[in-house]
file start37.pdb (PDB, C-alpha atoms)
MODEL        1
ATOM      1  CA  MET A   1      13.079 -19.874  -4.042
ATOM      2  CA  THR A   2       9.381 -19.957  -4.916
ATOM      3  CA  HIS A   3       7.079 -17.386  -3.338
ATOM      4  CA  LYS A   4       3.312 -17.631  -3.180
ATOM      5  CA  HIS A   5       1.713 -14.666  -4.929
ATOM      6  CA  LEU A   6      -0.532 -12.490  -2.796
ATOM      7  CA  LYS A   7      -4.154 -12.120  -3.861
ATOM      8  CA  GLY A   8      -7.046  -9.795  -3.154
ATOM      9  CA  LEU A   9      -6.995  -6.403  -1.481
ATOM     10  CA  ILE A  10      -4.064  -5.434   0.718
ATOM     11  CA  ALA A  11      -4.665  -2.209   2.601
ATOM     12  CA  ALA A  12      -1.963   0.383   3.183
ATOM     13  CA  PRO A  13      -2.959   1.395   6.726
ATOM     14  CA  PHE A  14      -2.702   4.857   8.148
ATOM     15  CA  THR A  15      -0.514   5.164  11.216
ATOM     16  CA  PRO A  16      -2.914   6.103  14.016
ATOM     17  CA  MET A  17      -1.876   9.213  15.937
ATOM     18  CA  PHE A  18      -2.865  10.691  19.279
ATOM     19  CA  PRO A  19      -3.744  14.421  19.383
ATOM     20  CA  ASP A  20      -0.164  15.208  20.485
ATOM     21  CA  GLY A  21       1.200  13.543  17.335
ATOM     22  CA  SER A  22       2.555  10.390  18.979
ATOM     23  CA  ILE A  23       1.640   7.038  17.446
ATOM     24  CA  ASN A  24      -1.475   5.354  18.793
ATOM     25  CA  LEU A  25      -0.572   1.671  19.010
ATOM     26  CA  GLU A  26      -3.722   0.972  21.039
ATOM     27  CA  LEU A  27      -5.927   1.336  17.950
ATOM     28  CA  ILE A  28      -4.114  -1.221  15.803
ATOM     29  CA  PRO A  29      -5.844  -4.425  17.016
ATOM     30  CA  ALA A  30      -9.249  -2.880  16.251
ATOM     31  CA  TYR A  31      -7.871  -1.569  12.940
ATOM     32  CA  TYR A  32      -6.782  -5.087  11.973
ATOM     33  CA  GLN A  33     -10.176  -6.532  12.912
ATOM     34  CA  MET A  34     -11.928  -3.873  10.832
ATOM     35  CA  LEU A  35      -9.819  -4.724   7.783
ATOM     36  CA  LYS A  36     -10.528  -8.440   8.233
ATOM     37  CA  HIS A  37     -14.242  -7.789   8.604
ATOM     38  CA  ASN A  38     -14.248  -5.991   5.257
ATOM     39  CA  GLY A  39     -12.484  -8.732   3.307
ATOM     40  CA  ILE A  40      -8.953  -7.324   3.290
ATOM     41  CA  THR A  41      -6.232  -9.979   2.990
ATOM     42  CA  GLY A  42      -3.214  -8.067   4.274
ATOM     43  CA  ALA A  43      -1.586  -4.813   5.333
ATOM     44  CA  PHE A  44       1.327  -2.854   3.872
ATOM     45  CA  ILE A  45       2.485  -0.899   6.924
ATOM     46  CA  CYS A  46       4.707   2.190   7.186
ATOM     47  CA  GLY A  47       4.329   3.039   3.495
ATOM     48  CA  SER A  48       3.269   6.358   1.968
ATOM     49  CA  THR A  49      -0.189   6.198   3.537
ATOM     50  CA  GLY A  50       1.342   5.115   6.847
ATOM     51  CA  GLU A  51       3.750   8.087   6.858
ATOM     52  CA  GLY A  52       6.741   5.771   6.996
ATOM     53  CA  VAL A  53       9.141   8.515   5.938
ATOM     54  CA  SER A  54       7.856  10.699   8.809
ATOM     55  CA  LEU A  55       8.285   8.044  11.498
ATOM     56  CA  THR A  56      11.319   7.466  13.669
ATOM     57  CA  HIS A  57      13.246   4.220  13.521
ATOM     58  CA  SER A  58      11.930   3.308  16.967
ATOM     59  CA  GLU A  59       8.327   4.026  15.971
ATOM     60  CA  LYS A  60       8.594   1.763  12.921
ATOM     61  CA  LYS A  61       9.856  -1.045  15.142
ATOM     62  CA  LYS A  62       6.948  -0.588  17.529
ATOM     63  CA  LEU A  63       4.472  -0.661  14.657
ATOM     64  CA  ALA A  64       6.020  -3.873  13.343
ATOM     65  CA  GLU A  65       5.791  -5.421  16.798
ATOM     66  CA  THR A  66       2.160  -4.387  17.278
ATOM     67  CA  TRP A  67       0.923  -5.508  13.854
ATOM     68  CA  GLY A  68       2.900  -8.724  14.250
ATOM     69  CA  ALA A  69       1.389  -9.431  17.667
ATOM     70  CA  CYS A  70      -2.248  -8.963  16.669
ATOM     71  CA  THR A  71      -1.959 -10.958  13.414
ATOM     72  CA  LYS A  72       0.392 -13.747  14.529
ATOM     73  CA  ASP A  73      -2.306 -16.426  14.583
ATOM     74  CA  ASP A  74      -3.882 -15.369  11.270
ATOM     75  CA  THR A  75      -2.154 -17.196   8.439
ATOM     76  CA  ASP A  76      -4.610 -15.740   5.917
ATOM     77  CA  PHE A  77      -3.657 -12.118   6.656
ATOM     78  CA  LYS A  78      -0.212 -11.032   5.471
ATOM     79  CA  VAL A  79       1.591  -8.011   6.908
ATOM     80  CA  MET A  80       4.317  -6.467   4.772
ATOM     81  CA  MET A  81       6.544  -3.691   6.107
ATOM     82  CA  PHE A  82       7.955  -0.785   4.135
ATOM     83  CA  LEU A  83      11.541  -0.326   5.303
ATOM     84  CA  GLY A  84      12.423   3.041   3.800
ATOM     85  CA  GLY A  85      14.748   4.120   1.055
ATOM     86  CA  THR A  86      17.466   6.519   2.139
ATOM     87  CA  CYS A  87      19.521   4.557   4.690
ATOM     88  CA  ILE A  88      20.447   1.013   3.697
ATOM     89  CA  ALA A  89      21.731   0.143   7.188
ATOM     90  CA  ASP A  90      18.426   1.183   8.781
ATOM     91  CA  CYS A  91      16.500  -0.833   6.192
ATOM     92  CA  LYS A  92      18.521  -3.959   6.980
ATOM     93  CA  GLU A  93      17.965  -3.552  10.704
ATOM     94  CA  LEU A  94      14.223  -3.022  10.238
ATOM     95  CA  ALA A  95      13.982  -6.044   7.942
ATOM     96  CA  ILE A  96      15.566  -8.278  10.575
ATOM     97  CA  HIS A  97      13.234  -6.814  13.209
ATOM     98  CA  ALA A  98      10.183  -7.443  10.994
ATOM     99  CA  LYS A  99      11.215 -11.076  10.530
ATOM    100  CA  GLU A 100      11.715 -11.526  14.281
ATOM    101  CA  PHE A 101       8.157 -10.352  14.940
ATOM    102  CA  GLY A 102       6.540 -12.579  12.367
ATOM    103  CA  LEU A 103       5.754 -10.227   9.502
ATOM    104  CA  ALA A 104       5.239 -11.889   6.127
ATOM    105  CA  ALA A 105       7.420  -9.719   3.876
ATOM    106  CA  VAL A 106       9.406  -6.501   3.595
ATOM    107  CA  SER A 107       9.579  -3.813   0.946
ATOM    108  CA  PHE A 108      12.100  -1.159  -0.110
ATOM    109  CA  THR A 109      11.910   1.783  -2.470
ATOM    110  CA  ALA A 110      14.582   3.624  -4.420
ATOM    111  CA  PRO A 111      16.794   6.018  -2.469
ATOM    112  CA  PHE A 112      15.313   9.399  -3.288
ATOM    113  CA  TYR A 113      18.033  11.819  -2.106
ATOM    114  CA  PHE A 114      21.168  10.147  -3.436
ATOM    115  CA  LYS A 115      19.342   8.497  -6.312
ATOM    116  CA  PRO A 116      20.731   5.366  -7.988
ATOM    117  CA  ALA A 117      22.423   6.236 -11.266
ATOM    118  CA  ASN A 118      21.056   3.209 -13.095
ATOM    119  CA  VAL A 119      19.075   0.003 -12.654
ATOM    120  CA  GLU A 120      22.206  -1.936 -11.719
ATOM    121  CA  MET A 121      22.840   0.328  -8.718
ATOM    122  CA  LEU A 122      19.210  -0.029  -7.656
ATOM    123  CA  ALA A 123      19.520  -3.808  -7.925
ATOM    124  CA  ASN A 124      22.664  -3.656  -5.770
ATOM    125  CA  ALA A 125      20.747  -1.797  -3.050
ATOM    126  CA  CYS A 126      17.891  -4.315  -3.201
ATOM    127  CA  GLN A 127      20.349  -7.186  -2.952
ATOM    128  CA  GLU A 128      22.143  -5.824   0.111
ATOM    129  CA  ILE A 129      18.881  -5.455   2.047
ATOM    130  CA  ALA A 130      17.314  -8.702   0.820
ATOM    131  CA  GLU A 131      20.396 -10.651   1.903
ATOM    132  CA  ALA A 132      19.802  -9.523   5.509
ATOM    133  CA  VAL A 133      16.615 -11.664   5.557
ATOM    134  CA  PRO A 134      17.304 -14.420   3.016
ATOM    135  CA  ASP A 135      14.277 -16.517   4.016
ATOM    136  CA  MET A 136      11.819 -13.619   3.866
ATOM    137  CA  PRO A 137      10.015 -12.384   0.711
ATOM    138  CA  PHE A 138      11.435  -9.046  -0.448
ATOM    139  CA  TYR A 139       9.448  -6.627  -2.608
ATOM    140  CA  TYR A 140      10.561  -3.521  -4.438
ATOM    141  CA  TYR A 141       8.170  -0.565  -4.080
ATOM    142  CA  HIS A 142       7.943   1.336  -7.363
ATOM    143  CA  ILE A 143       6.466   4.815  -6.826
ATOM    144  CA  PRO A 144       8.354   7.228  -9.113
ATOM    145  CA  VAL A 145       5.946  10.128  -8.495
ATOM    146  CA  LEU A 146       7.428  10.342  -4.954
ATOM    147  CA  THR A 147      10.949   8.962  -5.380
ATOM    148  CA  GLY A 148      11.775  10.583  -8.711
ATOM    149  CA  VAL A 149      13.330   7.261  -9.781
ATOM    150  CA  GLY A 150      11.503   6.050 -12.861
ATOM    151  CA  PHE A 151      13.454   3.119 -14.293
ATOM    152  CA  SER A 152      11.370   0.569 -16.159
ATOM    153  CA  MET A 153      10.614  -2.278 -13.790
ATOM    154  CA  ILE A 154      11.098  -4.906 -16.475
ATOM    155  CA  ASN A 155      14.747  -3.855 -16.450
ATOM    156  CA  LEU A 156      14.909  -4.267 -12.676
ATOM    157  CA  LEU A 157      13.442  -7.771 -12.901
ATOM    158  CA  GLU A 158      16.030  -8.661 -15.542
ATOM    159  CA  ALA A 159      18.759  -7.333 -13.242
ATOM    160  CA  VAL A 160      17.668  -9.243 -10.115
ATOM    161  CA  ASP A 161      16.465 -12.486 -11.697
ATOM    162  CA  GLY A 162      18.648 -15.375 -10.563
ATOM    163  CA  ARG A 163      20.633 -13.005  -8.354
ATOM    164  CA  ILE A 164      18.318 -12.285  -5.387
ATOM    165  CA  PRO A 165      16.609 -15.570  -4.433
ATOM    166  CA  ASN A 166      14.083 -13.934  -2.087
ATOM    167  CA  PHE A 167      13.078 -11.164  -4.498
ATOM    168  CA  ALA A 168       9.323 -11.861  -4.557
ATOM    169  CA  GLY A 169       7.969  -9.049  -6.719
ATOM    170  CA  ILE A 170       7.063  -5.401  -7.015
ATOM    171  CA  LYS A 171       4.464  -3.115  -5.504
ATOM    172  CA  TYR A 172       3.748  -1.182  -8.694
ATOM    173  CA  THR A 173       2.413   2.329  -8.079
ATOM    174  CA  HIS A 174       2.695   3.871 -11.518
ATOM    175  CA  GLU A 175       0.674   4.131 -14.731
ATOM    176  CA  ASP A 176       2.982   2.476 -17.259
ATOM    177  CA  PHE A 177       0.759  -0.393 -18.360
ATOM    178  CA  MET A 178       3.196  -1.517 -21.050
ATOM    179  CA  ASP A 179       5.923  -1.977 -18.438
ATOM    180  CA  TYR A 180       3.507  -3.534 -15.947
ATOM    181  CA  LEU A 181       2.284  -6.179 -18.398
ATOM    182  CA  SER A 182       5.859  -7.040 -19.334
ATOM    183  CA  CYS A 183       6.641  -7.542 -15.652
ATOM    184  CA  LEU A 184       3.554  -9.712 -15.146
ATOM    185  CA  ARG A 185       4.609 -11.972 -18.006
ATOM    186  CA  PHE A 186       8.335 -12.018 -17.259
ATOM    187  CA  SER A 187       9.732 -15.521 -16.762
ATOM    188  CA  ASN A 188       6.265 -17.109 -17.032
ATOM    189  CA  GLY A 189       4.754 -14.888 -14.341
ATOM    190  CA  LYS A 190       7.456 -15.678 -11.788
ATOM    191  CA  TYR A 191       7.181 -12.408  -9.871
ATOM    192  CA  ASP A 192       4.296 -11.111  -7.788
ATOM    193  CA  MET A 193       3.171  -7.797  -9.301
ATOM    194  CA  LEU A 194       0.974  -6.006  -6.775
ATOM    195  CA  TRP A 195      -1.018  -3.182  -8.335
ATOM    196  CA  GLY A 196      -0.789   0.141  -6.490
ATOM    197  CA  ARG A 197      -3.096   2.627  -8.246
ATOM    198  CA  ASP A 198      -6.619   2.259  -6.858
ATOM    199  CA  GLU A 199      -8.143   4.566  -9.468
ATOM    200  CA  ASN A 200      -6.834   2.299 -12.270
ATOM    201  CA  MET A 201      -7.642  -1.094 -10.774
ATOM    202  CA  LEU A 202      -9.956  -2.095 -13.619
ATOM    203  CA  SER A 203      -7.198  -1.600 -16.192
ATOM    204  CA  ALA A 204      -4.826  -3.704 -14.093
ATOM    205  CA  LEU A 205      -7.443  -6.460 -13.753
ATOM    206  CA  ALA A 206      -7.725  -6.564 -17.533
ATOM    207  CA  LEU A 207      -3.970  -7.156 -17.733
ATOM    208  CA  GLY A 208      -4.136  -9.977 -15.206
ATOM    209  CA  THR A 209      -3.351  -8.604 -11.772
ATOM    210  CA  LYS A 210      -4.433 -10.793  -8.845
ATOM    211  CA  GLY A 211      -3.368  -8.642  -5.888
ATOM    212  CA  ALA A 212      -3.477  -4.924  -5.163
ATOM    213  CA  VAL A 213      -2.166  -2.626  -2.425
ATOM    214  CA  GLY A 214      -3.954   0.646  -1.791
ATOM    215  CA  SER A 215      -4.900   3.332   0.677
ATOM    216  CA  THR A 216      -8.571   3.589  -0.265
ATOM    217  CA  TYR A 217      -9.116  -0.098   0.568
ATOM    218  CA  ASN A 218      -8.954   1.018   4.207
ATOM    219  CA  TYR A 219     -12.291   2.786   3.996
ATOM    220  CA  ALA A 220     -13.926   1.555   0.772
ATOM    221  CA  ALA A 221     -13.103  -2.149   0.538
ATOM    222  CA  PRO A 222     -16.666  -3.185  -0.465
ATOM    223  CA  LEU A 223     -16.469  -0.956  -3.533
ATOM    224  CA  TYR A 224     -13.354  -2.686  -4.857
ATOM    225  CA  LEU A 225     -14.495  -6.181  -3.963
ATOM    226  CA  ASP A 226     -17.670  -5.507  -5.960
ATOM    227  CA  LEU A 227     -15.572  -4.126  -8.824
ATOM    228  CA  MET A 228     -13.437  -7.268  -8.899
ATOM    229  CA  LYS A 229     -16.524  -9.477  -8.724
ATOM    230  CA  ALA A 230     -18.162  -7.617 -11.618
ATOM    231  CA  PHE A 231     -15.014  -7.908 -13.727
ATOM    232  CA  HIS A 232     -14.688 -11.653 -13.164
ATOM    233  CA  LYS A 233     -18.393 -12.108 -14.039
ATOM    234  CA  ASN A 234     -17.721 -10.231 -17.309
ATOM    235  CA  ASP A 235     -20.137  -7.503 -16.237
ATOM    236  CA  HIS A 236     -17.893  -4.855 -17.692
ATOM    237  CA  GLU A 237     -20.374  -1.992 -17.588
ATOM    238  CA  GLN A 238     -20.900  -2.535 -13.854
ATOM    239  CA  ALA A 239     -17.146  -2.755 -13.359
ATOM    240  CA  ARG A 240     -16.667   0.532 -15.226
ATOM    241  CA  GLN A 241     -19.333   2.214 -13.120
ATOM    242  CA  LEU A 242     -17.719   1.029  -9.896
ATOM    243  CA  GLN A 243     -14.321   2.240 -11.075
ATOM    244  CA  GLN A 244     -15.878   5.629 -11.809
ATOM    245  CA  THR A 245     -17.245   5.702  -8.258
ATOM    246  CA  SER A 246     -13.708   5.017  -7.033
ATOM    247  CA  ILE A 247     -12.427   7.886  -9.170
ATOM    248  CA  ASP A 248     -15.098  10.245  -7.827
ATOM    249  CA  MET A 249     -14.090   9.301  -4.281
ATOM    250  CA  ILE A 250     -10.372   9.733  -4.978
ATOM    251  CA  ARG A 251     -10.935  13.122  -6.609
ATOM    252  CA  LEU A 252     -12.122  14.360  -3.218
ATOM    253  CA  LEU A 253      -8.627  13.620  -1.905
ATOM    254  CA  GLY A 254      -7.206  16.219  -4.253
ATOM    255  CA  LYS A 255     -10.044  18.651  -3.730
ATOM    256  CA  HIS A 256      -9.696  18.628   0.048
ATOM    257  CA  GLY A 257      -5.942  18.743   0.490
ATOM    258  CA  GLY A 258      -4.357  15.475  -0.583
ATOM    259  CA  ILE A 259      -3.221  12.435   1.363
ATOM    260  CA  ALA A 260      -4.481  13.675   4.752
ATOM    261  CA  THR A 261      -8.026  13.477   3.389
ATOM    262  CA  GLY A 262      -7.693   9.704   3.736
ATOM    263  CA  LYS A 263      -7.779  10.058   7.506
ATOM    264  CA  ALA A 264     -10.909  12.177   7.113
ATOM    265  CA  TYR A 265     -12.520   9.251   5.267
ATOM    266  CA  MET A 266     -11.446   6.999   8.152
ATOM    267  CA  LYS A 267     -13.133   9.367  10.587
ATOM    268  CA  LEU A 268     -16.342   9.054   8.555
ATOM    269  CA  ILE A 269     -16.386   5.275   9.000
ATOM    270  CA  GLY A 270     -15.877   5.686  12.751
ATOM    271  CA  MET A 271     -12.141   5.059  13.119
ATOM    272  CA  ASN A 272     -10.322   8.233  14.112
ATOM    273  CA  CYS A 273      -6.641   7.876  13.186
ATOM    274  CA  GLY A 274      -5.759  11.435  14.153
ATOM    275  CA  LYS A 275      -3.799  13.745  11.890
ATOM    276  CA  PHE A 276      -0.785  13.595   9.607
ATOM    277  CA  ARG A 277       2.593  14.944  10.648
ATOM    278  CA  LEU A 278       4.287  17.948   9.080
ATOM    279  CA  PRO A 279       4.828  18.843   6.328
ATOM    280  CA  ILE A 280       1.417  17.361   5.373
ATOM    281  CA  ASN A 281      -1.448  19.831   5.732
ATOM    282  CA  ASN A 282      -4.485  18.727   7.763
ATOM    283  CA  MET A 283      -8.088  19.928   7.498
ATOM    284  CA  SER A 284      -9.576  22.495   9.801
ATOM    285  CA  ASP A 285     -12.974  21.719  11.372
ATOM    286  CA  GLU A 286     -14.629  23.955   8.790
ATOM    287  CA  GLN A 287     -12.868  22.178   5.926
ATOM    288  CA  TYR A 288     -13.907  18.805   7.336
ATOM    289  CA  GLU A 289     -17.552  19.851   7.214
ATOM    290  CA  LEU A 290     -17.198  20.738   3.518
ATOM    291  CA  PHE A 291     -15.507  17.397   2.873
ATOM    292  CA  GLU A 292     -18.248  15.547   4.738
ATOM    293  CA  ALA A 293     -20.867  17.225   2.561
ATOM    294  CA  ASP A 294     -19.007  16.189  -0.603
ATOM    295  CA  ALA A 295     -18.713  12.603   0.671
ATOM    296  CA  LYS A 296     -22.479  12.519   1.086
ATOM    297  CA  LYS A 297     -22.943  13.698  -2.502
ATOM    298  CA  ILE A 298     -21.106  10.631  -3.803
ATOM    299  CA  ASN A 299     -23.052   8.351  -1.404
ATOM    300  CA  PHE A 300     -19.859   7.289   0.351
ATOM    301  CA  GLU A 301     -21.749   5.503   3.125
ATOM    302  CA  GLN A 302     -23.256   3.063   0.626
ATOM    303  CA  PHE A 303     -19.887   1.558  -0.363
ATOM    304  CA  SER A 304     -17.700   2.362   2.638
ATOM    305  CA  SER A 305     -16.009  -0.145   4.918
ATOM    306  CA  LYS A 306     -17.812  -0.938   8.149
ATOM    307  CA  LEU A 307     -16.432  -1.323  11.649
ATOM    308  CA  SER A 308     -18.482  -4.455  12.324
TER     309      SER A 308
ENDMDL
END
call {"tool": "encode", "arguments": {"input": "start37.pdb", "output": "structure tokens"}}
result
Amino acid sequence: MTHKHLKGLIAAPFTPMFPDGSINLELIPAYYQMLKHNGITGAFICGSTGEGVSLTHSEKKKLAETWGACTKDDTDFKVMMFLGGTCIADCKELAIHAKEFGLAAVSFTAPFYFKPANVEMLANACQEIAEAVPDMPFYYYHIPVLTGVGFSMINLLEAVDGRIPNFAGIKYTHEDFMDYLSCLRFSNGKYDMLWGRDENMLSALALGTKGAVGSTYNYAAPLYLDLMKAFHKNDHEQARQLQQTSIDMIRLLGKHGGIATGKAYMKLIGMNCGKFRLPINNMSDEQYELFEADAKKINFEQFSSKLS
């Protein structure tokens, strides 16, 4: 089975929340339109940024239905759903649900409580889920900093090649460029290797990546589109400067509390996605003011995404 490789920027959307912590499905159509307006080519829903591991099974289904409904007539915008990693049966059920509601692909990460003992066991888990939706592209989501499962992905590709027909590629959120390049070049570039570290995009472009999935594309898509344009024009100094701007922006995530700071950036562009669920720590009003001041120092407004 041949799968078309995804290109451009694919955002990992935040899951919008109401003040009481319930999911805000009403915001998603406007969220999708905002991403389209800023040149985003797809959405990776229910992943790390989308708090997939903090959502109920029912909530994930509703998100799949809502994203599927508002993008169903847009063949240029691909929605991929993260299924989970700890319960294979749940992942299979969600994959079938995602296919029923018109999503473009599904993704699965390594079980992170009962971890696979070796690459072969990980490949077995991928195969069982992928077989539930044999006509749907299946991606593995490699993020060892969160799963604690750090097998080389070239070994996974060797294990699944010729065995899982709908295995489309890997969302690669790691810094092993040697492994990443080997995956890109495996079997004449057969598999779609989606880059997942926004702060290292320039390095991945140099290796040959064509598509990337990231959280900061939600609120700073123009920055990365300019970076990609500069790279392809061989304006390497400009590309390096834009990557440094990305790094400066991402450093504020760590300074102001981590992943929840992403929703603070969304608030700055005018799209309030609420707060993160426990155990993620959210900013107080006073902390938000300090963050806002730091965002101004890096001229965030100049390269941020726009609502319209």
call {"tool": "atom_distance", "arguments": {"input": "start37.pdb", "atom1": "CA of Leu194 in chain A", "atom2": "CA of Cys46 in chain A"}}
result
16.6 Å
call {"tool": "resolve_selection", "arguments": {"input": "start37.pdb", "expression": "the PyMOL selection byres ((chain A and resi 86) around 9)", "output": "MDAnalysis selection string"}}
result
chainID A and resid 84:85 87:88 90:91 109:115
call {"tool": "resolve_selection", "arguments": {"input": "start37.pdb", "expression": "the PyMOL selection byres ((chain A and resi 286-290) around 12)", "output": "mmCIF file with C-alpha atoms, keeping the file's coordinate frame"}}
result
data_model
loop_
_atom_site.group_PDB
_atom_site.id
_atom_site.type_symbol
_atom_site.label_atom_id
_atom_site.label_comp_id
_atom_site.auth_asym_id
_atom_site.auth_seq_id
_atom_site.Cartn_x
_atom_site.Cartn_y
_atom_site.Cartn_z
ATOM 1 C CA LEU A 252 -12.122 14.360 -3.218
ATOM 2 C CA LEU A 253 -8.627 13.620 -1.905
ATOM 3 C CA LYS A 255 -10.044 18.651 -3.730
ATOM 4 C CA HIS A 256 -9.696 18.628 0.048
ATOM 5 C CA GLY A 257 -5.942 18.743 0.490
ATOM 6 C CA ALA A 260 -4.481 13.675 4.752
ATOM 7 C CA THR A 261 -8.026 13.477 3.389
ATOM 8 C CA GLY A 262 -7.693 9.704 3.736
ATOM 9 C CA LYS A 263 -7.779 10.058 7.506
ATOM 10 C CA ALA A 264 -10.909 12.177 7.113
ATOM 11 C CA TYR A 265 -12.520 9.251 5.267
ATOM 12 C CA LYS A 267 -13.133 9.367 10.587
ATOM 13 C CA LEU A 268 -16.342 9.054 8.555
ATOM 14 C CA ASN A 281 -1.448 19.831 5.732
ATOM 15 C CA ASN A 282 -4.485 18.727 7.763
ATOM 16 C CA MET A 283 -8.088 19.928 7.498
ATOM 17 C CA SER A 284 -9.576 22.495 9.801
ATOM 18 C CA ASP A 285 -12.974 21.719 11.372
ATOM 19 C CA PHE A 291 -15.507 17.397 2.873
ATOM 20 C CA GLU A 292 -18.248 15.547 4.738
ATOM 21 C CA ALA A 293 -20.867 17.225 2.561
ATOM 22 C CA ASP A 294 -19.007 16.189 -0.603
ATOM 23 C CA ALA A 295 -18.713 12.603 0.671
ATOM 24 C CA LYS A 296 -22.479 12.519 1.086
ATOM 25 C CA LYS A 297 -22.943 13.698 -2.502
#
call {"tool": "residues_around", "arguments": {"input": "start37.pdb", "residues": "Met80 in chain A", "least_positions_apart": "5", "cutoff": "8 Å", "atoms": "all atoms listed in the file", "output": "JSON, numbers by chain"}}
result
{"A": [42, 43, 44, 45, 103, 104, 105, 106, 107]}
call {"tool": "write_last_selection", "arguments": {"input": "start37.pdb", "atoms": "C-alpha atoms", "output": "CSV table (one decimal), in the frame of the given file"}}
result
chain,number,residue,atom,x,y,z
A,42,GLY,CA,-3.2,-8.1,4.3
A,43,ALA,CA,-1.6,-4.8,5.3
A,44,PHE,CA,1.3,-2.9,3.9
A,45,ILE,CA,2.5,-0.9,6.9
A,103,LEU,CA,5.8,-10.2,9.5
A,104,ALA,CA,5.2,-11.9,6.1
A,105,ALA,CA,7.4,-9.7,3.9
A,106,VAL,CA,9.4,-6.5,3.6
A,107,SER,CA,9.6,-3.8,0.9
call {"tool": "residues_around", "arguments": {"input": "start37.pdb", "residues": "His174 in chain A", "least_positions_apart": "4", "cutoff": "10 Å", "atoms": "only C-alpha atoms", "output": "short mmCIF file (atom, residue, chain, number, x, y, z; two decimals) with C-alpha atoms, in the frame of the given file"}}
result
data_model
loop_
_atom_site.label_atom_id
_atom_site.label_comp_id
_atom_site.auth_asym_id
_atom_site.auth_seq_id
_atom_site.Cartn_x
_atom_site.Cartn_y
_atom_site.Cartn_z
CA HIS A 142 7.94 1.34 -7.36
CA ILE A 143 6.47 4.82 -6.83
CA PRO A 144 8.35 7.23 -9.11
CA VAL A 145 5.95 10.13 -8.49
CA GLY A 150 11.50 6.05 -12.86
CA ASP A 179 5.92 -1.98 -18.44
CA TYR A 180 3.51 -3.53 -15.95
CA TRP A 195 -1.02 -3.18 -8.34
CA GLY A 196 -0.79 0.14 -6.49
CA ARG A 197 -3.10 2.63 -8.25
CA ASN A 200 -6.83 2.30 -12.27
#
call {"tool": "resolve_selection", "arguments": {"input": "start37.pdb", "expression": "the PyMOL selection byres ((chain A and resi 219) around 6)", "output": "list of chain:residue names"}}
result
A:Thr216, A:Tyr217, A:Asn218, A:Ala220, A:Met266, A:Ser304, A:Ser305
call {"tool": "residues_near_point", "arguments": {"input": "start37.pdb", "point": "(16.3, -9.9, -6.6)", "cutoff": "12 Å", "atoms": "only C-alpha atoms", "output": "MDAnalysis selection string"}}
result
chainID A and resid 1 107:108 119:120 122:131 134 136:140 153 155:170 190:191
call {"tool": "residues_near_point", "arguments": {"input": "start37.pdb", "point": "(-16.1, -2.6, -3.6)", "cutoff": "10 Å", "atoms": "only C-alpha atoms", "output": "list of chain:residue names"}}
result
A:Asn38, A:Gly39, A:Tyr217, A:Ala220, A:Ala221, A:Pro222, A:Leu223, A:Tyr224, A:Leu225, A:Asp226, A:Leu227, A:Met228, A:Lys229, A:Ala230, A:Ala239, A:Leu242, A:Gln243, A:Thr245, A:Ser246, A:Phe303, A:Ser304, A:Ser305
call {"tool": "residues_around", "arguments": {"input": "start37.pdb", "residues": "His57 in chain A", "least_positions_apart": "3", "cutoff": "10 Å", "atoms": "all atoms listed in the file", "output": "VMD selection string"}}
result
chain A and resid 52 to 54 60 to 62 83 to 84 90 to 91 93 to 94
call {"tool": "write_last_selection", "arguments": {"input": "start37.pdb", "atoms": "C-alpha atoms", "output": "mmCIF file, in the frame of the given file"}}
result
data_model
loop_
_atom_site.group_PDB
_atom_site.id
_atom_site.type_symbol
_atom_site.label_atom_id
_atom_site.label_comp_id
_atom_site.auth_asym_id
_atom_site.auth_seq_id
_atom_site.Cartn_x
_atom_site.Cartn_y
_atom_site.Cartn_z
ATOM 1 C CA GLY A 52 6.741 5.771 6.996
ATOM 2 C CA VAL A 53 9.141 8.515 5.938
ATOM 3 C CA SER A 54 7.856 10.699 8.809
ATOM 4 C CA LYS A 60 8.594 1.763 12.921
ATOM 5 C CA LYS A 61 9.856 -1.045 15.142
ATOM 6 C CA LYS A 62 6.948 -0.588 17.529
ATOM 7 C CA LEU A 83 11.541 -0.326 5.303
ATOM 8 C CA GLY A 84 12.423 3.041 3.800
ATOM 9 C CA ASP A 90 18.426 1.183 8.781
ATOM 10 C CA CYS A 91 16.500 -0.833 6.192
ATOM 11 C CA GLU A 93 17.965 -3.552 10.704
ATOM 12 C CA LEU A 94 14.223 -3.022 10.238
#
call {"tool": "closest_residue", "arguments": {"input": "start37.pdb", "among": "A:Val79, A:Ala11, A:Ala69, A:Ile28", "to": "Asn272 in chain A", "atoms": "only C-alpha atoms"}}
result
A:Ile28
call {"tool": "closest_residue", "arguments": {"input": "start37.pdb", "among": "A:Leu25, A:Leu55, A:Met34, A:Met249", "to": "Trp67 in chain A", "atoms": "all atoms listed in the file"}}
result
A:Leu25
call {"tool": "atom_distance", "arguments": {"input": "start37.pdb", "atom1": "CA of Asp73 in chain A", "atom2": "CA of His37 in chain A"}}
result
15.9 Å
call {"tool": "atom_distance", "arguments": {"input": "start37.pdb", "atom1": "CA of Thr147 in chain A", "atom2": "CA of Tyr172 in chain A"}}
result
12.9 Å
call {"tool": "closest_residue", "arguments": {"input": "start37.pdb", "among": "A:Lys92, A:Arg185, A:His3, A:Lys275", "to": "Ile259 in chain A", "atoms": "only C-alpha atoms"}}
result
A:Lys275
call {"tool": "closest_residue", "arguments": {"input": "start37.pdb", "among": "A:Glu100, A:Tyr31, A:Lys7, A:Lys72", "to": "Ile269 in chain A", "atoms": "all atoms listed in the file"}}
result
A:Tyr31
